[in-house]
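Reading through the structure tokens given below for one structure.
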Amino acid sequence: MPRTEFTPSITTRPVYPGLSPVPGAAALMLADASGAEALIELALQDAALIAAAHVIYIPEGAPFGAALAALHPKHYHEGPSFSAILPRFRKALLDAHMGTRLYLAGSETLIGLAMAEALAAGLPVDAIQSDHRGSIARRMQCVHCKGITEGVTTDPFTCSHCGLTLFVRDHYSRRLAAFQGVCVDAETPGIVPELQEIKP
Amino acid sequence: MTIQFNDETFRDDYTFRNSAEAIRRFPFPFDRDSYMYSVNMEPHKGGREGSPFEKRFDVDEHYVAEMRDRAITLTEDPLRCQSLPHMELAGWDLLDLIMQSKAEDYPDLFSLQRDGNQWHWINRPLGIDQRFTFLDATTLPCGPMEYITRQAQGDFAVLDQREGNLWMDAGMVTSQADWSLDFDIGMNFFEWHAPVPRAAEMGVFQRALKFLLNVQQGSPARRLNWTMTVNPRLDTSPENYHKWGPEKRTITPENVGKKQFLRVELQTFWRLPRSNALAFPIRCYLISLEDLVTVPKWGRRLHRVLRDLPEDLAAYKGFAVNRPMIVDYLARFDDGAETSPGIFAD
């Protein structure tokens with residue numbers, strides 16, 4: 001699955017420049033189905049890096065588990081969902097030594113949630129690399145009710161919590177791992193612009 | 001000085017009003033007949049007698065009513081006041097700064113007596129008499145930042161300084177020009193300004209950040225910012241946009257003078273001594289167009305500024321849809337005469 005190229009936007013819109021190995025530093029890696037190939041490509045660049053790494057993979061039914069395990073990471077773990085791997089991921093962040101690098105690959109939601117955990121755990125932002133692959137669906141916070149709607153692919157969309165029709169902003173909170181959704185017909189209730197598929 | 005505090009509202013029936021004195025001292029933000037972003041900083045070391053620049057934290061006739069409005073907003077949405085765990089010391093710094101400034105600048109309204117860490121604070125307009133132990137949050141009814149900003153007009157952002165940047169890590173935000181503290185908390189200076197059009201390309205934020213990182217203790221700075229608001233509403237938050245948004249479309253040529261307000265922010269910047277954080281009060285002043293045009297220079301100038309403002313700025317400031325009616329109204333008060341330099345009335 002190729003890397004996603006995003007259109008230029010405001011400075012809070014995250015970008016994901018891809019993964020490049022930092023030799024010698026301890027490595028924690030996390031990928032979902034769409035990001036697995038990014039870790040395999042990373043291993044091709046630096047086999048020693050992945051041999052010493054802790055790799056966590058969320059396969060979501062994709063067939064890359066065997067290929068990742070065959071890279072013989074120091075620790076290899078598969079889990080069924082982000083919430084399932086979260087305790088292990090948090091423990092790995094807690095145990096991480098100075099200089100540890102975090103490599104994230106896959107959907108924007110996976111990268112965002114993992115990055116929020118890592119920053120809260122005290123990892124410097126410069127120690128985190130990311131590669132966006134797969135769906136461009138967004139995780140949106142409704143600014144009105146504060147509910148999070150996952151997997152948003154249209155603009156506007158309906159808040160899955162309060163039901164307001166929200167437009168999709170590029171303003172992004174790393175703390176929440178979410179973009180901001182704001183009522184699109186606040187001034188003219190009921191007059192909603194035509195639905196569009198969101199673009200990268 | 002004695003201040004007669006207004007009994008007025010900033011929501012529902014909107015009984016807010018400016019006295020003749022409040023109009024005269026209004027912080028009109030335009031020093032010329034046009035507007036574009038700039039890093040318009042100046043030292044905050046007093047100003048004309050009677051002006052809102054004179055005292056460190058201006059207290060005016062709206063004080064009691066504004067604090068009542070803040071309490072209503074906080075009851076409805078406690079997320080308007082947040083402080084990340086490492087910011088408590090900065091909260092005490094802010095409490096110290098505001099209490100000392102108010103007690104010295106308005107001795108008839110506020111008093112502060114300190115015996116070591118045993119402090120006694122009296123706020124006469126709000127009827128508060130509080131003894132507490134400085135730096136011990138268990139001796140106040142809430143955290144120090146919330147405690148003091150429930151007694152000080154304007155919004156407050158408290159910015160942590162690290163990694164050569166400023167971080168929005170605490171705040172009390174109930175009278176904002178449409179931004180969300182709950183969403184922006186934890187962001188750095190460039191992140192929370194990201195939605196502002198044009199300014200980043202102009203290098204405004206780089207220069208402003210460089211200035212702010214170097215604000216020194218005892219040498220606060222200030223600037224004015226502005227936008228337009230329909231009705232004298234303090235809580236123009238994104239959280240409640242679906243509630244106040246429809247009001248924006250109630251402007252008519254007949255009511256524009258009464259319902260359309262110029263909203264001015266007096267922003268000040270203070271280095272805090274213990275935490276090295278930067279306190280960033282954002283004080284909001286509102287004036288209806290019909291009150292504003294009673295000062296002929298301001299009527300002429302606001303007409304020219306709003307008429308000539310680039311469309312993207314009008315959209316960002318949220319009044320593009322009402323601009324034609326606003327400009328038509330103000331044109332009646334612009335005879336084409338020259339205006340004098342500076343913000344003050346002639």
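By convention in this document, the chains of the structure tokens carry letters A, B, ... by their order, each chain's residues are numbered from 1, and ligands are numbered from 1 in the order they are shown.
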
Neighbours of chain B in chain A at 8 Å, counting only C-alpha atoms, as number ranges by chain: A: 10-12, 143-145, 171, 173-176, 180, 182-183, 185-189

Written file, previous selection with C-alpha atoms, as a PDB file, in the first residue's frame:
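In the end it all went to out.pdb:
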ATOM      1  CA  ILE A  10      -2.583  24.618   7.595  1.00  0.00           C
ATOM      2  CA  THR A  11       0.272  23.827   9.951  1.00  0.00           C
ATOM      3  CA  THR A  12      -1.793  21.778  12.395  1.00  0.00           C
ATOM      4  CA  VAL A 143     -16.668  20.827  19.126  1.00  0.00           C
ATOM      5  CA  HIS A 144     -20.240  21.063  20.441  1.00  0.00           C
ATOM      6  CA  CYS A 145     -20.879  17.777  22.291  1.00  0.00           C
ATOM      7  CA  HIS A 171      -7.414  22.048  12.613  1.00  0.00           C
ATOM      8  CA  SER A 173      -5.317  18.361  18.187  1.00  0.00           C
ATOM      9  CA  ARG A 174      -2.435  15.996  18.875  1.00  0.00           C
ATOM     10  CA  ARG A 175      -3.694  15.616  22.434  1.00  0.00           C
ATOM     11  CA  LEU A 176      -7.093  14.367  21.227  1.00  0.00           C
ATOM     12  CA  GLN A 180     -12.312  19.511  14.704  1.00  0.00           C
ATOM     13  CA  VAL A 182     -18.043  22.399  13.578  1.00  0.00           C
ATOM     14  CA  CYS A 183     -21.773  22.786  12.894  1.00  0.00           C
ATOM     15  CA  ASP A 185     -25.628  25.086   9.345  1.00  0.00           C
ATOM     16  CA  ALA A 186     -25.333  26.964  12.650  1.00  0.00           C
ATOM     17  CA  GLU A 187     -26.305  30.312  11.088  1.00  0.00           C
ATOM     18  CA  THR A 188     -28.886  28.917   8.674  1.00  0.00           C
ATOM     19  CA  PRO A 189     -30.364  25.771  10.288  1.00  0.00           C
TER      20      PRO A 189
END

All strand (DSSP E) residues (DSSP, backbone) inside range 204-247 of chain B, as number ranges by chain: B: 221-230

Would you mind listing what lies within 12 Å of Glu54 in chain B as a list in words, with only C-alpha atoms counted and same-chain residues fewer than 5 positions away left out? Arg25, Pro27, Pro43, His44, Lys45, Gly46, Gly47, Arg48, Glu49, Val59, Asp60, Asp105, Tyr106 and Arg222 of chain B

For the selection you just gave me, I'd like the residues written to a file as an mmCIF file, in the first residue's frame, keeping all heavy atoms.
data_model
loop_
_atom_site.group_PDB
_atom_site.id
_atom_site.type_symbol
_atom_site.label_atom_id
_atom_site.label_comp_id
_atom_site.auth_asym_id
_atom_site.auth_seq_id
_atom_site.Cartn_x
_atom_site.Cartn_y
_atom_site.Cartn_z
ATOM 1 N N ARG B 25 -13.980 56.151 26.756
ATOM 2 C CA ARG B 25 -12.719 55.467 27.053
ATOM 3 C C ARG B 25 -12.563 54.172 26.250
ATOM 4 O O ARG B 25 -11.648 53.394 26.502
ATOM 5 C CB ARG B 25 -12.628 55.166 28.557
ATOM 6 C CG ARG B 25 -13.525 54.033 29.036
ATOM 7 C CD ARG B 25 -13.669 53.995 30.546
ATOM 8 N NE ARG B 25 -12.424 53.755 31.244
ATOM 9 C CZ ARG B 25 -11.900 52.534 31.465
ATOM 10 N NH1 ARG B 25 -12.501 51.448 31.004
ATOM 11 N NH2 ARG B 25 -10.780 52.406 32.140
ATOM 12 N N PRO B 27 -11.411 51.328 23.858
ATOM 13 C CA PRO B 27 -10.119 51.145 23.185
ATOM 14 C C PRO B 27 -10.289 50.917 21.676
ATOM 15 O O PRO B 27 -10.226 49.781 21.195
ATOM 16 C CB PRO B 27 -9.546 49.908 23.880
ATOM 17 C CG PRO B 27 -10.748 49.127 24.310
ATOM 18 C CD PRO B 27 -11.817 50.139 24.631
ATOM 19 N N PRO B 43 4.919 48.573 25.101
ATOM 20 C CA PRO B 43 5.015 48.293 26.534
ATOM 21 C C PRO B 43 3.686 48.585 27.229
ATOM 22 O O PRO B 43 3.015 49.565 26.904
ATOM 23 C CB PRO B 43 6.105 49.254 27.019
ATOM 24 C CG PRO B 43 6.853 49.664 25.791
ATOM 25 C CD PRO B 43 5.860 49.619 24.669
ATOM 26 N N HIS B 44 3.322 47.715 28.174
ATOM 27 C CA HIS B 44 2.090 47.938 28.947
ATOM 28 C C HIS B 44 2.494 48.598 30.265
ATOM 29 O O HIS B 44 2.508 47.984 31.316
ATOM 30 C CB HIS B 44 1.370 46.607 29.190
ATOM 31 C CG HIS B 44 0.055 46.751 29.912
ATOM 32 N ND1 HIS B 44 -0.851 47.733 29.620
ATOM 33 C CD2 HIS B 44 -0.506 46.021 30.907
ATOM 34 C CE1 HIS B 44 -1.917 47.601 30.416
ATOM 35 N NE2 HIS B 44 -1.730 46.575 31.206
ATOM 36 N N LYS B 45 2.865 49.870 30.151
ATOM 37 C CA LYS B 45 3.293 50.586 31.359
ATOM 38 C C LYS B 45 2.435 51.827 31.537
ATOM 39 O O LYS B 45 2.908 52.946 31.487
ATOM 40 C CB LYS B 45 4.784 50.942 31.263
ATOM 41 C CG LYS B 45 5.171 51.634 29.969
ATOM 42 C CD LYS B 45 6.647 52.024 29.956
ATOM 43 C CE LYS B 45 6.952 52.820 28.702
ATOM 44 N NZ LYS B 45 8.362 52.942 28.395
ATOM 45 N N GLY B 46 1.139 51.564 31.722
ATOM 46 C CA GLY B 46 0.231 52.673 31.909
ATOM 47 C C GLY B 46 -0.175 53.303 30.598
ATOM 48 O O GLY B 46 0.199 52.836 29.520
ATOM 49 N N GLY B 47 -0.984 54.364 30.712
ATOM 50 C CA GLY B 47 -1.492 55.041 29.524
ATOM 51 C C GLY B 47 -2.290 56.239 29.972
ATOM 52 O O GLY B 47 -2.284 56.594 31.156
ATOM 53 N N ARG B 48 -2.990 56.858 29.032
ATOM 54 C CA ARG B 48 -3.773 58.053 29.355
ATOM 55 C C ARG B 48 -4.671 57.839 30.564
ATOM 56 O O ARG B 48 -5.297 56.788 30.686
ATOM 57 C CB ARG B 48 -4.671 58.413 28.181
ATOM 58 C CG ARG B 48 -3.975 59.144 27.105
ATOM 59 C CD ARG B 48 -5.016 59.727 26.178
ATOM 60 N NE ARG B 48 -4.318 60.237 24.996
ATOM 61 C CZ ARG B 48 -4.880 61.018 24.083
ATOM 62 N NH1 ARG B 48 -6.158 61.334 24.206
ATOM 63 N NH2 ARG B 48 -4.189 61.447 23.063
ATOM 64 N N GLU B 49 -4.765 58.841 31.386
ATOM 65 C CA GLU B 49 -5.626 58.760 32.552
ATOM 66 C C GLU B 49 -7.071 58.466 32.125
ATOM 67 O O GLU B 49 -7.592 59.085 31.193
ATOM 68 C CB GLU B 49 -5.572 60.081 33.339
ATOM 69 C CG GLU B 49 -6.172 59.960 34.716
ATOM 70 C CD GLU B 49 -6.101 61.276 35.486
ATOM 71 O OE1 GLU B 49 -5.262 62.133 35.129
ATOM 72 O OE2 GLU B 49 -6.890 61.432 36.433
ATOM 73 N N VAL B 59 -10.490 47.627 35.418
ATOM 74 C CA VAL B 59 -11.796 47.289 35.980
ATOM 75 C C VAL B 59 -12.751 48.393 35.547
ATOM 76 O O VAL B 59 -12.457 49.575 35.743
ATOM 77 C CB VAL B 59 -11.739 47.214 37.522
ATOM 78 C CG1 VAL B 59 -13.129 46.966 38.106
ATOM 79 C CG2 VAL B 59 -10.763 46.118 37.971
ATOM 80 N N ASP B 60 -13.871 48.009 34.940
ATOM 81 C CA ASP B 60 -14.801 49.038 34.475
ATOM 82 C C ASP B 60 -16.229 48.714 34.913
ATOM 83 O O ASP B 60 -16.457 47.788 35.694
ATOM 84 C CB ASP B 60 -14.694 49.233 32.955
ATOM 85 C CG ASP B 60 -15.170 48.019 32.172
ATOM 86 O OD1 ASP B 60 -15.723 47.085 32.777
ATOM 87 O OD2 ASP B 60 -14.976 48.015 30.934
ATOM 88 N N ASP B 105 -3.910 49.124 42.508
ATOM 89 C CA ASP B 105 -4.475 50.052 41.529
ATOM 90 C C ASP B 105 -5.892 50.508 41.889
ATOM 91 O O ASP B 105 -6.325 51.573 41.457
ATOM 92 C CB ASP B 105 -4.494 49.409 40.135
ATOM 93 C CG ASP B 105 -3.094 49.184 39.581
ATOM 94 O OD1 ASP B 105 -2.138 49.687 40.197
ATOM 95 O OD2 ASP B 105 -2.954 48.500 38.546
ATOM 96 N N TYR B 106 -6.619 49.677 42.641
ATOM 97 C CA TYR B 106 -7.999 50.014 43.033
ATOM 98 C C TYR B 106 -8.182 49.749 44.522
ATOM 99 O O TYR B 106 -8.958 48.870 44.919
ATOM 100 C CB TYR B 106 -9.003 49.158 42.237
ATOM 101 C CG TYR B 106 -8.941 49.335 40.741
ATOM 102 C CD1 TYR B 106 -8.159 48.498 39.957
ATOM 103 C CD2 TYR B 106 -9.677 50.337 40.104
ATOM 104 C CE1 TYR B 106 -8.105 48.642 38.572
ATOM 105 C CE2 TYR B 106 -9.639 50.492 38.730
ATOM 106 C CZ TYR B 106 -8.840 49.644 37.971
ATOM 107 O OH TYR B 106 -8.798 49.797 36.612
ATOM 108 N N ARG B 222 1.611 44.891 25.476
ATOM 109 C CA ARG B 222 0.188 44.826 25.111
ATOM 110 C C ARG B 222 0.014 45.056 23.620
ATOM 111 O O ARG B 222 0.897 45.593 22.939
ATOM 112 C CB ARG B 222 -0.617 45.859 25.897
ATOM 113 C CG ARG B 222 -0.314 47.288 25.493
ATOM 114 C CD ARG B 222 -1.130 48.295 26.299
ATOM 115 N NE ARG B 222 -0.705 49.659 25.992
ATOM 116 C CZ ARG B 222 -0.514 50.618 26.905
ATOM 117 N NH1 ARG B 222 -0.687 50.366 28.196
ATOM 118 N NH2 ARG B 222 -0.146 51.824 26.536
#

Could you pull out the residues in range 61-227 of chain B that DSSP calls alpha helix (DSSP H) from the backbone, as a VMD selection string? chain B and resid 63 to 76 88 to 105 144 to 149 181 to 184 189 to 192 204 to 213

Against range 82-99 of chain B, which residues of range 49-74 of chain B fall within 12 Å? For each one I want the closest pair of atoms and the distance in Å (one decimal), counting only C-alpha atoms, rows by chain and increasing residue number, as a Markdown table.
| residue | atom | partner | partner_atom | distance |
| --- | --- | --- | --- | --- |
| B:Lys55 | CA | B:Ile98 | CA | 11.3 |
| B:Arg56 | CA | B:Ile98 | CA | 8.5 |
| B:Phe57 | CA | B:Ile98 | CA | 7.3 |
| B:Asp58 | CA | B:Ile98 | CA | 10.7 |
| B:Val59 | CA | B:Ile98 | CA | 11.5 |
| B:Leu74 | CA | B:Gln82 | CA | 10.9 |

Taken to one decimal, the CA of Phe6 in chain A-CA of Pro63 in chain A distance is 26.8 Å

Just give me the gap between CA of Ala152 in chain B and CA of Asn40 in chain B in Å, one decimal is fine. 24.2 Å

Rounded to one decimal in Å, what is the spacing between CA of Ala345 in chain B and CA of Tyr285 in chain B?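 Rounded to one decimal, the two atoms are 16.6 Å apart.
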
Using only C-alpha atoms, pick whichever of B:Ser111, B:Gln176, B:Asn6, B:Gln118 has the shortest atom-to-atom distance to Thr73 in chain B.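 The answer is B:Gln176, which sits nearest to Thr73 in chain B.
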
Selected residue of minimal separation from Tyr14 in chain B among B:Val230, B:Leu213, B:Ala137, B:Ala279, counting only C-alpha atoms: B:Val230

Point out the residue among B:Ser34, B:Thr174, B:Asn276, B:Thr2 with the least atom-to-atom distance to Leu302 in chain B, counting only C-alpha atoms. B:Ser34

Which residue out of B:Pro125, B:Arg283, B:Trp226, B:Ser219 has the minimum interatomic distance to Leu306 in chain B when only C-alpha atoms are used?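 Result for the nearest residue to Leu306 in chain B: B:Trp226.
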